Structures are given as C-alpha cells and as structure tokens.
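Chemist: If it helps, the file is called target.csv and holds CSV, C-alpha atoms (C1' of nucleotides):
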```csv
chain,number,residue,atom,x,y,z
D,943,MET,CA,-56.7,65.1,-74.2
D,944,ASP,CA,-58.8,68.0,-75.3
D,945,VAL,CA,-57.2,70.5,-73.0
D,946,LYS,CA,-58.7,74.0,-72.7
D,947,ALA,CA,-62.1,72.7,-73.7
D,948,ASP,CA,-63.7,75.5,-71.6
D,949,ARG,CA,-63.1,78.2,-74.2
D,950,GLU,CA,-64.5,77.3,-77.7
D,951,LEU,CA,-61.8,77.6,-80.4
D,952,ARG,CA,-62.1,77.6,-84.1
D,953,VAL,CA,-60.8,74.3,-85.5
D,954,ASP,CA,-57.7,75.8,-86.9
D,955,ALA,CA,-57.0,77.6,-83.7
D,956,GLN,CA,-57.5,74.4,-81.7
D,957,ARG,CA,-55.1,72.5,-84.1
D,958,ASN,CA,-52.5,75.2,-83.6
D,959,TYR,CA,-52.9,75.1,-79.8
D,960,ASP,CA,-52.4,71.4,-79.8
D,961,ALA,CA,-49.4,71.6,-82.2
D,962,VAL,CA,-47.7,74.1,-80.0
D,963,LEU,CA,-48.3,72.1,-76.9
D,964,ALA,CA,-47.1,68.9,-78.5
D,965,ALA,CA,-44.0,70.7,-79.8
D,966,ALA,CA,-43.3,72.1,-76.4
D,967,HIS,CA,-43.5,68.7,-74.8
D,968,GLN,CA,-41.2,67.2,-77.3
D,969,LEU,CA,-38.6,70.0,-77.3
D,970,PHE,CA,-38.7,70.3,-73.5
D,971,ALA,CA,-38.1,66.6,-73.2
D,972,GLU,CA,-35.2,66.8,-75.6
D,973,LYS,CA,-33.4,70.0,-74.6
D,974,GLY,CA,-35.0,71.2,-71.4
D,975,ILE,CA,-37.4,74.2,-70.9
D,976,ASP,CA,-34.8,76.8,-71.9
D,977,VAL,CA,-35.4,76.2,-75.6
D,978,SER,CA,-36.5,79.5,-77.2
D,979,MET,CA,-40.1,80.3,-78.0
D,980,GLU,CA,-39.0,80.7,-81.6
D,981,ASP,CA,-37.9,77.1,-81.7
D,982,VAL,CA,-41.2,76.0,-80.2
D,983,GLY,CA,-43.1,78.0,-82.7
D,984,ARG,CA,-41.1,76.7,-85.6
D,985,ALA,CA,-41.4,73.0,-84.4
D,986,ALA,CA,-45.1,73.5,-84.2
D,987,GLY,CA,-45.3,75.2,-87.6
D,988,VAL,CA,-46.8,78.4,-86.3
D,989,GLY,CA,-45.7,82.0,-86.1
D,990,LYS,CA,-44.9,83.8,-82.9
D,991,GLY,CA,-48.1,85.7,-82.9
D,992,THR,CA,-50.1,82.5,-82.8
D,993,LEU,CA,-47.8,81.1,-80.1
D,994,TYR,CA,-48.4,84.2,-77.9
D,995,ARG,CA,-52.1,84.3,-78.7
D,996,HIS,CA,-52.5,80.9,-77.0
D,997,PHE,CA,-49.8,81.3,-74.3
D,998,PRO,CA,-49.4,84.9,-73.2
D,999,ASP,CA,-45.9,84.3,-72.0
D,1000,LYS,CA,-43.4,81.5,-71.5
D,1001,ASP,CA,-44.7,80.9,-67.9
D,1002,HIS,CA,-48.1,80.0,-69.3
D,1003,LEU,CA,-46.5,77.4,-71.6
D,1004,TYR,CA,-44.7,75.9,-68.6
D,1005,ALA,CA,-48.1,75.7,-66.8
D,1006,ALA,CA,-49.7,74.2,-69.9
D,1007,VAL,CA,-47.2,71.3,-70.2
D,1008,SER,CA,-47.5,70.7,-66.5
D,1009,VAL,CA,-51.3,70.7,-66.1
D,1010,GLU,CA,-51.9,67.0,-66.8
D,1011,ARG,CA,-49.2,65.9,-64.4
D,1012,PHE,CA,-50.5,68.3,-61.8
D,1013,ALA,CA,-54.0,66.8,-62.3
D,1014,ALA,CA,-52.6,63.3,-61.8
D,1015,LEU,CA,-50.9,64.4,-58.6
D,1016,ARG,CA,-54.1,66.0,-57.4
D,1017,ASP,CA,-56.0,62.7,-57.9
D,1018,ARG,CA,-53.2,60.7,-56.3
D,1019,ALA,CA,-53.4,63.0,-53.3
D,1020,THR,CA,-57.1,62.5,-53.0
D,1021,GLU,CA,-56.6,58.7,-53.1
D,1022,LEU,CA,-53.9,58.8,-50.5
D,1023,ALA,CA,-56.0,61.0,-48.1
D,1024,THR,CA,-57.9,57.9,-47.1
D,1025,SER,CA,-54.7,56.0,-46.1
D,1026,ASP,CA,-54.3,55.1,-42.4
D,1027,ASP,CA,-50.6,55.7,-42.5
D,1028,SER,CA,-50.4,59.4,-42.9
D,1029,TRP,CA,-46.6,59.6,-43.2
D,1030,ALA,CA,-46.4,56.9,-45.8
D,1031,ALA,CA,-49.1,58.7,-47.8
D,1032,LEU,CA,-47.4,62.1,-47.6
D,1033,SER,CA,-43.9,60.8,-48.3
D,1034,SER,CA,-45.1,58.6,-51.2
D,1035,TRP,CA,-46.9,61.6,-52.7
D,1036,LEU,CA,-43.9,63.9,-52.3
D,1037,ARG,CA,-41.7,61.4,-54.2
D,1038,ASP,CA,-44.2,61.5,-57.0
D,1039,PHE,CA,-44.2,65.3,-56.9
D,1040,ASP,CA,-40.5,65.3,-57.0
D,1041,ARG,CA,-40.4,63.1,-60.0
D,1042,SER,CA,-43.1,65.1,-61.8
D,1043,ALA,CA,-41.5,68.4,-61.0
D,1044,HIS,CA,-38.3,67.2,-62.6
D,1045,HIS,CA,-40.0,65.8,-65.7
D,1046,TYR,CA,-38.3,68.4,-67.9
D,1047,ARG,CA,-34.9,69.8,-67.2
D,1048,GLY,CA,-35.2,73.2,-65.6
D,1049,LEU,CA,-38.9,72.9,-64.8
D,1050,SER,CA,-38.5,72.1,-61.2
D,1051,ALA,CA,-36.8,75.4,-60.4
D,1052,ARG,CA,-39.6,77.3,-62.1
D,1053,VAL,CA,-42.2,75.4,-60.0
D,1054,SER,CA,-40.2,76.2,-56.9
D,1055,GLU,CA,-40.0,79.9,-57.7
D,1056,GLY,CA,-43.6,80.1,-58.7
D,1057,LEU,CA,-45.1,78.3,-55.8
D,1058,GLY,CA,-44.8,81.3,-53.5
D,1059,ARG,CA,-46.2,84.0,-55.8
D,1060,THR,CA,-49.8,84.6,-56.6
D,1061,ASP,CA,-49.2,86.1,-60.0
D,1062,SER,CA,-47.6,83.0,-61.5
D,1063,ALA,CA,-49.4,80.9,-64.1
D,1064,VAL,CA,-47.5,77.8,-62.8
D,1065,ALA,CA,-48.7,78.6,-59.2
D,1066,ARG,CA,-52.3,78.9,-60.5
D,1067,ALA,CA,-52.0,75.6,-62.2
D,1068,CYS,CA,-50.7,74.1,-59.0
D,1069,GLU,CA,-53.5,75.2,-56.8
D,1070,PRO,CA,-56.0,72.2,-56.9
D,1071,MET,CA,-53.1,69.8,-56.4
D,1072,LYS,CA,-51.7,71.9,-53.6
D,1073,ALA,CA,-55.0,72.0,-51.8
D,1074,ARG,CA,-55.2,68.2,-51.8
D,1075,ALA,CA,-51.6,67.9,-50.8
D,1076,LYS,CA,-52.3,70.2,-47.9
D,1077,VAL,CA,-54.7,67.6,-46.6
D,1078,LEU,CA,-52.0,65.0,-46.6
D,1079,LEU,CA,-49.7,67.3,-44.8
D,1080,GLU,CA,-52.3,68.1,-42.2
D,1081,HIS,CA,-53.1,64.5,-41.6
D,1082,ALA,CA,-49.4,63.8,-41.0
D,1083,GLN,CA,-49.1,66.8,-38.7
D,1084,SER,CA,-52.1,65.7,-36.7
D,1085,ALA,CA,-50.5,62.3,-36.3
D,1086,GLY,CA,-47.3,64.0,-35.2
D,1087,GLU,CA,-45.4,62.6,-38.1
D,1088,ILE,CA,-44.1,66.0,-39.2
D,1089,SER,CA,-43.6,69.4,-37.6
D,1090,SER,CA,-46.5,71.7,-37.6
D,1091,ASP,CA,-44.1,74.6,-38.3
D,1092,LEU,CA,-44.1,73.8,-42.0
D,1093,ASP,CA,-46.9,74.8,-44.3
D,1094,ILE,CA,-47.6,73.1,-47.6
D,1095,THR,CA,-46.0,75.9,-49.6
D,1096,ALA,CA,-42.7,75.4,-47.7
D,1097,VAL,CA,-42.7,71.7,-48.2
D,1098,LEU,CA,-43.4,71.9,-51.9
D,1099,THR,CA,-40.9,74.7,-52.4
D,1100,LEU,CA,-38.3,72.7,-50.6
D,1101,VAL,CA,-38.9,69.5,-52.6
D,1102,SER,CA,-39.0,71.3,-56.0
D,1103,SER,CA,-35.9,73.3,-55.2
D,1104,LEU,CA,-33.8,70.1,-55.4
D,1105,PRO,CA,-31.3,70.1,-58.2
D,1106,ASP,CA,-32.4,68.6,-61.6
D,1107,SER,CA,-29.9,65.9,-61.8
D,1108,TYR,CA,-27.4,65.1,-59.1
D,1109,ARG,CA,-26.2,61.6,-60.0
D,1110,GLN,CA,-23.8,60.1,-57.6
D,1111,GLY,CA,-22.0,56.8,-57.7
D,1112,GLU,CA,-23.7,53.4,-57.4
D,1113,GLY,CA,-26.1,52.8,-54.6
D,1114,SER,CA,-25.8,56.2,-53.0
D,1115,SER,CA,-28.5,58.3,-51.5
D,1116,GLU,CA,-30.9,60.4,-53.5
D,1117,LEU,CA,-31.3,63.9,-52.3
D,1118,ILE,CA,-35.1,63.5,-52.0
D,1119,ASP,CA,-34.4,60.7,-49.4
D,1120,VAL,CA,-32.4,63.2,-47.3
D,1121,VAL,CA,-35.2,65.8,-47.4
D,1122,LEU,CA,-37.9,63.3,-46.5
D,1123,ARG,CA,-35.8,62.1,-43.7
D,1124,GLY,CA,-35.5,65.7,-42.5
D,1125,LEU,CA,-39.2,66.2,-42.7
D,1126,HIS,CA,-40.2,63.1,-40.8
D,1127,ALA,CA,-40.6,63.8,-37.1
E,537,MET,CA,-8.1,93.4,-50.2
E,538,ASP,CA,-5.8,93.5,-53.1
E,539,VAL,CA,-7.4,90.6,-54.9
E,540,LYS,CA,-5.8,89.1,-58.0
E,541,ALA,CA,-2.3,90.2,-56.9
E,542,ASP,CA,-0.8,87.3,-58.6
E,543,ARG,CA,-1.0,88.9,-62.0
E,544,GLU,CA,0.7,92.3,-62.2
E,545,LEU,CA,-1.7,95.0,-63.5
E,546,ARG,CA,-1.0,98.5,-64.6
E,547,VAL,CA,-2.4,101.0,-62.1
E,548,ASP,CA,-5.3,102.1,-64.2
E,549,ALA,CA,-6.2,98.5,-65.0
E,550,GLN,CA,-6.1,97.6,-61.3
E,551,ARG,CA,-8.3,100.6,-60.5
E,552,ASN,CA,-10.8,99.5,-63.1
E,553,TYR,CA,-10.7,95.9,-61.9
E,554,ASP,CA,-11.5,97.1,-58.3
E,555,ALA,CA,-14.2,99.5,-59.6
E,556,VAL,CA,-16.0,96.7,-61.4
E,557,LEU,CA,-15.8,94.4,-58.5
E,558,ALA,CA,-17.1,97.1,-56.1
E,559,ALA,CA,-19.9,98.0,-58.5
E,560,ALA,CA,-20.8,94.3,-58.8
E,561,HIS,CA,-21.0,93.8,-55.1
E,562,GLN,CA,-23.2,96.9,-54.7
E,563,LEU,CA,-25.6,96.1,-57.6
E,564,PHE,CA,-25.8,92.4,-56.7
E,565,ALA,CA,-26.7,93.4,-53.1
E,566,GLU,CA,-29.3,95.9,-54.3
E,567,LYS,CA,-30.9,93.9,-57.2
E,568,GLY,CA,-29.6,90.4,-57.2
E,569,ILE,CA,-27.1,88.8,-59.6
E,570,ASP,CA,-29.3,89.1,-62.6
E,571,VAL,CA,-28.4,92.7,-63.2
E,572,SER,CA,-27.0,93.2,-66.7
E,573,MET,CA,-23.3,93.3,-67.4
E,574,GLU,CA,-24.0,96.7,-69.0
E,575,ASP,CA,-25.3,98.0,-65.7
E,576,VAL,CA,-22.3,96.8,-63.8
E,577,GLY,CA,-20.0,98.4,-66.4
E,578,ARG,CA,-21.9,101.7,-66.2
E,579,ALA,CA,-21.9,101.7,-62.4
E,580,ALA,CA,-18.1,101.1,-62.5
E,581,GLY,CA,-17.6,103.8,-65.1
E,582,VAL,CA,-15.9,101.4,-67.6
E,583,GLY,CA,-16.8,100.1,-71.0
E,584,LYS,CA,-17.8,96.6,-71.8
E,585,GLY,CA,-14.5,95.8,-73.3
E,586,THR,CA,-12.8,96.6,-70.0
E,587,LEU,CA,-15.3,94.6,-68.1
E,588,TYR,CA,-14.8,91.5,-70.3
E,589,ARG,CA,-11.0,91.9,-70.2
E,590,HIS,CA,-11.0,91.4,-66.5
E,591,PHE,CA,-13.9,88.9,-66.3
E,592,PRO,CA,-14.1,86.7,-69.3
E,593,ASP,CA,-17.8,86.1,-68.7
E,594,LYS,CA,-20.5,86.6,-66.1
E,595,ASP,CA,-19.7,83.4,-64.3
E,596,HIS,CA,-16.2,84.8,-63.6
E,597,LEU,CA,-17.8,87.8,-62.0
E,598,TYR,CA,-19.9,85.6,-59.8
E,599,ALA,CA,-16.8,83.8,-58.8
E,600,ALA,CA,-15.0,87.0,-58.1
E,601,VAL,CA,-17.6,88.4,-55.8
E,602,SER,CA,-17.7,85.1,-54.0
E,603,VAL,CA,-14.0,84.5,-53.5
E,604,GLU,CA,-13.6,86.3,-50.2
E,605,ARG,CA,-16.6,84.6,-48.6
E,606,PHE,CA,-15.3,81.2,-49.9
E,607,ALA,CA,-11.9,81.9,-48.4
E,608,ALA,CA,-13.6,82.7,-45.0
E,609,LEU,CA,-15.5,79.5,-45.2
E,610,ARG,CA,-12.3,77.6,-46.1
E,611,ASP,CA,-10.6,79.0,-43.0
E,612,ARG,CA,-13.6,78.3,-40.9
E,613,ALA,CA,-13.6,74.7,-42.0
E,614,THR,CA,-10.0,74.4,-41.1
E,615,GLU,CA,-10.7,75.6,-37.6
E,616,LEU,CA,-13.7,73.3,-37.2
E,617,ALA,CA,-11.7,70.3,-38.3
E,618,THR,CA,-10.1,70.2,-34.8
E,619,SER,CA,-13.5,70.0,-33.1
E,620,ASP,CA,-14.3,66.9,-31.1
E,621,ASP,CA,-17.9,67.1,-32.0
E,622,SER,CA,-17.8,66.2,-35.7
E,623,TRP,CA,-21.6,66.7,-36.3
E,624,ALA,CA,-21.7,70.1,-34.5
E,625,ALA,CA,-18.7,71.1,-36.7
E,626,LEU,CA,-20.2,70.0,-39.9
E,627,SER,CA,-23.7,71.4,-39.3
E,628,SER,CA,-22.4,74.7,-38.0
E,629,TRP,CA,-20.2,75.0,-41.1
E,630,LEU,CA,-23.1,74.1,-43.4
E,631,ARG,CA,-25.2,76.8,-41.8
E,632,ASP,CA,-22.5,79.3,-42.6
E,633,PHE,CA,-22.2,78.0,-46.2
E,634,ASP,CA,-26.0,78.3,-46.6
E,635,ARG,CA,-25.9,81.9,-45.4
E,636,SER,CA,-22.9,82.7,-47.6
E,637,ALA,CA,-24.4,81.1,-50.7
E,638,HIS,CA,-27.5,83.2,-50.3
E,639,HIS,CA,-25.5,86.4,-49.8
E,640,TYR,CA,-26.8,87.8,-53.1
E,641,ARG,CA,-30.2,86.9,-54.5
E,642,GLY,CA,-29.8,84.3,-57.2
E,643,LEU,CA,-26.3,83.4,-56.4
E,644,SER,CA,-27.0,80.2,-54.5
E,645,ALA,CA,-28.6,78.6,-57.5
E,646,ARG,CA,-25.5,79.4,-59.6
E,647,VAL,CA,-23.3,77.9,-56.9
E,648,SER,CA,-25.5,74.8,-56.8
E,649,GLU,CA,-25.4,74.4,-60.6
E,650,GLY,CA,-21.7,75.1,-60.8
E,651,LEU,CA,-20.6,72.7,-58.0
E,652,GLY,CA,-20.9,69.6,-60.2
E,653,ARG,CA,-19.1,70.8,-63.3
E,654,THR,CA,-15.4,71.1,-63.8
E,655,ASP,CA,-15.6,73.9,-66.4
E,656,SER,CA,-17.3,76.4,-64.1
E,657,ALA,CA,-15.4,79.4,-62.7
E,658,VAL,CA,-17.5,79.3,-59.6
E,659,ALA,CA,-16.7,75.6,-59.1
E,660,ARG,CA,-13.0,76.4,-59.4
E,661,ALA,CA,-13.3,79.2,-56.8
E,662,CYS,CA,-15.0,76.7,-54.5
E,663,GLU,CA,-12.3,74.1,-54.6
E,664,PRO,CA,-10.1,74.9,-51.7
E,665,MET,CA,-13.2,75.5,-49.5
E,666,LYS,CA,-14.7,72.3,-50.7
E,667,ALA,CA,-11.5,70.3,-49.9
E,668,ARG,CA,-11.6,71.5,-46.3
E,669,ALA,CA,-15.3,70.9,-46.0
E,670,LYS,CA,-14.7,67.4,-47.3
E,671,VAL,CA,-12.6,66.8,-44.2
E,672,LEU,CA,-15.5,67.9,-41.9
E,673,LEU,CA,-17.8,65.6,-43.8
E,674,GLU,CA,-15.4,62.6,-43.5
E,675,HIS,CA,-14.9,63.2,-39.8
E,676,ALA,CA,-18.7,63.1,-39.3
E,677,GLN,CA,-19.0,60.0,-41.5
E,678,SER,CA,-16.3,58.2,-39.5
E,679,ALA,CA,-18.2,59.0,-36.3
E,680,GLY,CA,-21.3,57.6,-37.9
E,681,GLU,CA,-23.1,61.0,-37.6
E,682,ILE,CA,-24.0,61.1,-41.3
E,683,SER,CA,-24.4,58.5,-44.1
E,684,SER,CA,-21.3,57.6,-46.0
E,685,ASP,CA,-23.5,57.4,-49.2
E,686,LEU,CA,-23.2,61.2,-49.6
E,687,ASP,CA,-20.1,62.9,-51.0
E,688,ILE,CA,-19.2,66.5,-50.3
E,689,THR,CA,-20.5,67.6,-53.7
E,690,ALA,CA,-23.9,66.1,-53.0
E,691,VAL,CA,-24.1,67.8,-49.6
E,692,LEU,CA,-23.1,71.3,-50.9
E,693,THR,CA,-25.3,71.0,-54.0
E,694,LEU,CA,-28.2,70.1,-51.8
E,695,VAL,CA,-27.7,73.0,-49.3
E,696,SER,CA,-27.1,75.6,-52.0
E,697,SER,CA,-30.2,74.4,-54.0
E,698,LEU,CA,-32.4,75.7,-51.2
E,699,PRO,CA,-34.6,78.6,-52.3
E,700,ASP,CA,-33.3,82.2,-51.9
E,701,SER,CA,-36.0,83.4,-49.6
E,702,TYR,CA,-38.7,81.3,-48.2
E,703,ARG,CA,-40.0,83.3,-45.4
E,704,GLN,CA,-42.8,81.7,-43.4
E,705,GLY,CA,-44.8,82.9,-40.5
E,706,GLU,CA,-43.4,83.7,-37.1
E,707,GLY,CA,-41.3,81.1,-35.3
E,708,SER,CA,-41.5,78.5,-38.1
E,709,SER,CA,-38.8,76.2,-39.3
E,710,GLU,CA,-36.1,77.2,-41.7
E,711,LEU,CA,-35.6,74.9,-44.7
E,712,ILE,CA,-31.9,74.5,-43.8
E,713,ASP,CA,-33.0,73.0,-40.4
E,714,VAL,CA,-35.0,70.4,-42.3
E,715,VAL,CA,-32.1,69.5,-44.5
E,716,LEU,CA,-29.6,69.3,-41.6
E,717,ARG,CA,-32.0,67.1,-39.8
E,718,GLY,CA,-32.2,64.8,-42.8
E,719,LEU,CA,-28.5,64.6,-43.1
E,720,HIS,CA,-27.9,63.7,-39.4
E,721,ALA,CA,-27.8,60.0,-38.9
J,148,DA,C1',-61.4,85.4,-85.2
J,149,DC,C1',-57.2,84.1,-86.2
J,150,DC,C1',-52.7,84.1,-88.5
J,151,DT,C1',-47.9,85.8,-90.0
J,152,DG,C1',-43.5,87.8,-89.7
J,153,DA,C1',-41.2,92.1,-89.2
J,154,DA,C1',-39.9,94.9,-85.4
J,155,DC,C1',-38.6,96.2,-80.7
J,156,DA,C1',-36.2,95.9,-76.3
J,157,DC,C1',-32.8,93.7,-73.8
J,158,DC,C1',-28.7,91.2,-72.8
J,159,DG,C1',-24.3,88.5,-73.1
J,160,DT,C1',-20.3,88.8,-75.7
J,161,DT,C1',-16.8,90.3,-79.4
J,162,DC,C1',-13.9,93.3,-81.8
J,163,DA,C1',-12.0,97.1,-84.7
J,164,DA,C1',-10.3,101.3,-83.6
J,165,DG,C1',-8.2,104.2,-80.6
J,166,DT,C1',-4.6,105.9,-76.4
R,855,DA,C1',-1.1,97.1,-72.4
R,856,DC,C1',-5.3,98.8,-71.9
R,857,DC,C1',-9.5,101.2,-73.1
R,858,DT,C1',-14.0,102.4,-75.6
R,859,DG,C1',-18.3,101.9,-77.8
R,860,DA,C1',-20.3,100.1,-81.9
R,861,DA,C1',-21.8,95.7,-83.5
R,862,DC,C1',-23.4,90.9,-83.4
R,863,DA,C1',-26.2,87.0,-81.9
R,864,DC,C1',-30.0,85.6,-79.4
R,865,DC,C1',-34.3,85.8,-77.1
R,866,DG,C1',-38.9,87.2,-75.1
R,867,DT,C1',-42.6,89.9,-76.5
R,868,DT,C1',-45.6,93.2,-79.5
R,869,DC,C1',-48.1,94.7,-83.3
R,870,DA,C1',-49.3,96.3,-88.1
R,871,DA,C1',-50.9,94.0,-91.8
R,872,DG,C1',-53.1,90.3,-93.7
R,873,DT,C1',-57.0,86.1,-94.4
```
If you took the structure in this file and wrote it as structure tokens, what would it be?
Modeler:
Amino acid sequence: MDVKADRELRVDAQRNYDAVLAAAHQLFAEKGIDVSMEDVGRAAGVGKGTLYRHFPDKDHLYAAVSVERFAALRDRATELATSDDSWAALSSWLRDFDRSAHHYRGLSARVSEGLGRTDSAVARACEPMKARAKVLLEHAQSAGEISSDLDITAVLTLVSSLPDSYRQGEGSSELIDVVLRGLHA
Amino acid sequence: MDVKADRELRVDAQRNYDAVLAAAHQLFAEKGIDVSMEDVGRAAGVGKGTLYRHFPDKDHLYAAVSVERFAALRDRATELATSDDSWAALSSWLRDFDRSAHHYRGLSARVSEGLGRTDSAVARACEPMKARAKVLLEHAQSAGEISSDLDITAVLTLVSSLPDSYRQGEGSSELIDVVLRGLHA
DNA sequence: ACCTGAACACCGTTCAAGT
DNA sequence: ACCTGAACACCGTTCAAGT
C-alpha cells in the first residue's frame, strides 16, 4: 500500500499524498475521472499547490490511481505466459484488461489515447504490464491463433477504446466479445 | 448546399450561418474538433452571440458539420438495402461510416458517445441514417451473417469508438477490419 | 521541505445593450 | 430580427508568500 516508497517523503507529505490518492479513487468511482482537480483537493483536505506538488498534472493522477491495477495485470500476464493454450491465455487477459481499463468512467479513453504516445504518464505506468502482455500476444501469434499484423499497442488501444458503458437488453453480446472474436484467427 | 432552408433567415443571418459552418469545417479539418468556439467565431468574422444564436451549443455545431455526410450515408444505406449479399452490404457501409465518423479528429468519439443518448444533437442528426442502417443490419441478421444479439446502436457505437488514428507499420491490419471480422458470423 | 490560496489562462455559455 | 462584446462560471495550472 505504501506507493511511491522510492522517494522519501516527510510524514506530513506522505499523508497528503495518500489522502489525495484516496480522494481521487473515491471521487473517480463516484463521478468518473472528469471531476475537477479542485474537488479532489478539497476532498483530500489539501490545497492545489500540494496536489500539483505530488501529481504534476491530471494525467499523473490518472496514472497513480491505475498503478495497482496495472501491476496486478502485469502479474496476471506473467502467470498466463506459462499456459499451454495461448489463445485462452491472451483472451482471458484481455478481458481482465478491459474490465480494469473501465474501472472508472472515462479512464479507458485516456488509457487508449495514452498508449500510443511516449510522453504520457499513463503510458509510462503501462509499460511493464504491456511488456508482459506482449509475450502473451507473441505466443498466440506463434501458435497462429491471431494475426501477426497486430502489435501489442494496437491490440490494447483497440480494447481500451471500447465505450465505457454500452448496456444492451438481456442476454445480448458484450462489445469485448465481438472484438475478441475479430482478433481470433 | 442551402442547409437549414426550413427556417427562413434574413439574408445577413443566413450569410453568418454559412460563414460559421464554413469556418467550423475548415478549423475542424486543420486542428480537430477541440478548437474553441471563440476561434470558430473569429474565423467566421462573427461574435459569440451570433455563433450561439445559430448553434445553441457546441454539440449542435458538431451535428451541423456532420449532417451532409450523414445524409450521404443514409442514401448509401438505401442503395445497399437492395443488395443480395447482405453481409457485403453491411460491411461496406460500416467501412464508409467509420471513415465518415473520423472525418475530423475527435469527432468519432463524440458520435460514439452521442449515439446512445436521446438528448444529443448529434444523435438526432444520425437518426435517419441509423434507421436505414438498421435495415442493412436486419437483412444480415436474417441471413445469419451476424448475431441477432446486436442492435444497430451497439454496432454503430462500437465502430465509432475506434481510435482516431492508429497507424501501424506497413501492410498491417486496420482496426476496422478486426471489428468487422468479429461481427461476421 | 512543504503547504496554502490567490491569480492566471482558457473555454463554453449568457446577456445587456445596440442596429 | 439580429448582432456585438463584455461578463460569468468553471477548470487546469502556476506561483508568491508563508510554516
């Protein structure tokens, strides 16, 4: 839980960092990621200067609230890399990624936009996860389960571009199912 | 070309309306749809009041710059409805829709978001096109070419949610191809 | 070293005052 | 009937002044 343990922080600074992150998690869950920085600061009980001292811009805050879920996905990819069914491994992981990317309303679109760029904090936070997912993709490609024309950035960009909430009637298809079907050779 | 001919406008008002629309087309093409209303007004040589008199909010401007392309897609769907290859008709039309939705950077995401709601100006502008596309979808569903679990809103939302520009290396797959593949039974 | 809140820049939208 | 531009509300971000 002690995120950002690499840089030593004064106890009050660490407490503020944690408070901002907790407030962001809660507000994002309640209202989506478009809540204002001002609201996040107020909910955390800190001024804007403090907020921006710890998170240089809103993108860094998005990265910060994602880092634990990205780490879990990274570990999950590492596990799945030993699977003997490379398509099952990849598609199962992509379902998890899809769920995780949509954890907060609006977040998935930011992930999708960020994945291509090198200058994005979210993209940087994705890298270890992406490297492990790349292995899953390459396994599936070697097994001929998915086209070799697609790279891992394309696949993740595609999946995270799916709309936040398209709820249809009872028993209907999820859009992720359509995409996975399209990916499967 | 004389859009909005239903409501009679004074000649100067019509000229301003046209100027705003032309400026929006040009600025959207150059810089994407996130250019400010102020910039659109300035480029058109009108004040903000005039801008908002003709387009009650930015969403209406998005609808206005889309209306001709939506009409073309509506007509195209009507033509294709007589095709005897229902999948070829649907997939060809969806490719056109994909291209059209991405005509201006950022527009596709707005179309995707709007398609579900009833209160959206973009959604209202889509309706006739959507009704004709629904026929194509139902033909393909009757022929067993695509799952009956998907409704036309789901399909259009999915296609327009694709990222604006994911350019991969040479000769690689386009994301629309993946989606169409996933849709085809 | 860290914090605060006033201040700045920008943008969508409104409206009082004009012709 | 239509136009203009000042004004308002909101938001991301910065920074001078404090402890």
Chemist: Near chain D, meaning an atom within 7 Å, which residues of chain J appear when counting all atoms listed in the file? Write them as a list in words.
Modeler: DC149, DC150 and DT151 of chain J
Chemist: Do me a favour and pick out the residues of chain D within 8 Å of chain E, using all atoms listed in the file, as a list of chain:residue names.
Modeler: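 Close enough to count are D:Ser1054, D:Glu1055, D:Asp1091, D:Leu1092, D:Ala1096, D:Thr1099, D:Leu1100, D:Ser1103, D:Leu1104, D:Pro1105, D:Tyr1108, D:Gln1110, D:Gly1113, D:Ser1114, D:Ser1115, D:Leu1117, D:Val1120, D:Val1121, D:Leu1122, D:Arg1123, D:Gly1124, D:Leu1125.
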Chemist: From the options E:Glu566, E:Asp593, E:Glu663, E:Asp632, which residue's atoms come nearest to DT161 in chain J, counting only C-alpha atoms (C1' of nucleotides)?
Modeler: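 Among E:Glu566, E:Asp593, E:Glu663, E:Asp632, it is E:Asp593 that comes nearest to DT161 in chain J.
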Chemist: Restricting the calculation to only C-alpha atoms (C1' of nucleotides): of D:Glu980, D:Glu1080, D:Asp1040, D:Asp960, which residue gets closest to DC864 in chain R?
Modeler: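 Using only C-alpha atoms (C1' of nucleotides), DC864 in chain R sits closest to D:Glu980.
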Chemist: Would you mind reading off the distance between CA of Ile688 in chain E and CA of His639 in chain E, one decimal, in Å?
Modeler: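 Separating CA of Ile688 in chain E from CA of His639 in chain E is a distance of 20.9 Å.
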Chemist: What is the CA of Arg1059 in chain D-CA of Phe1039 in chain D distance in Å, reported with one decimal?
Modeler: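 Straight-line distance from CA of Arg1059 in chain D to CA of Phe1039 in chain D works out to 18.8 Å.
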Chemist: Could you jot down the CA of Ala599 in chain E to CA of Ala661 in chain E separation for me, Å, one decimal place?
Modeler: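 Computing the Euclidean distance for CA of Ala599 in chain E and CA of Ala661 in chain E yields 6.1 Å.
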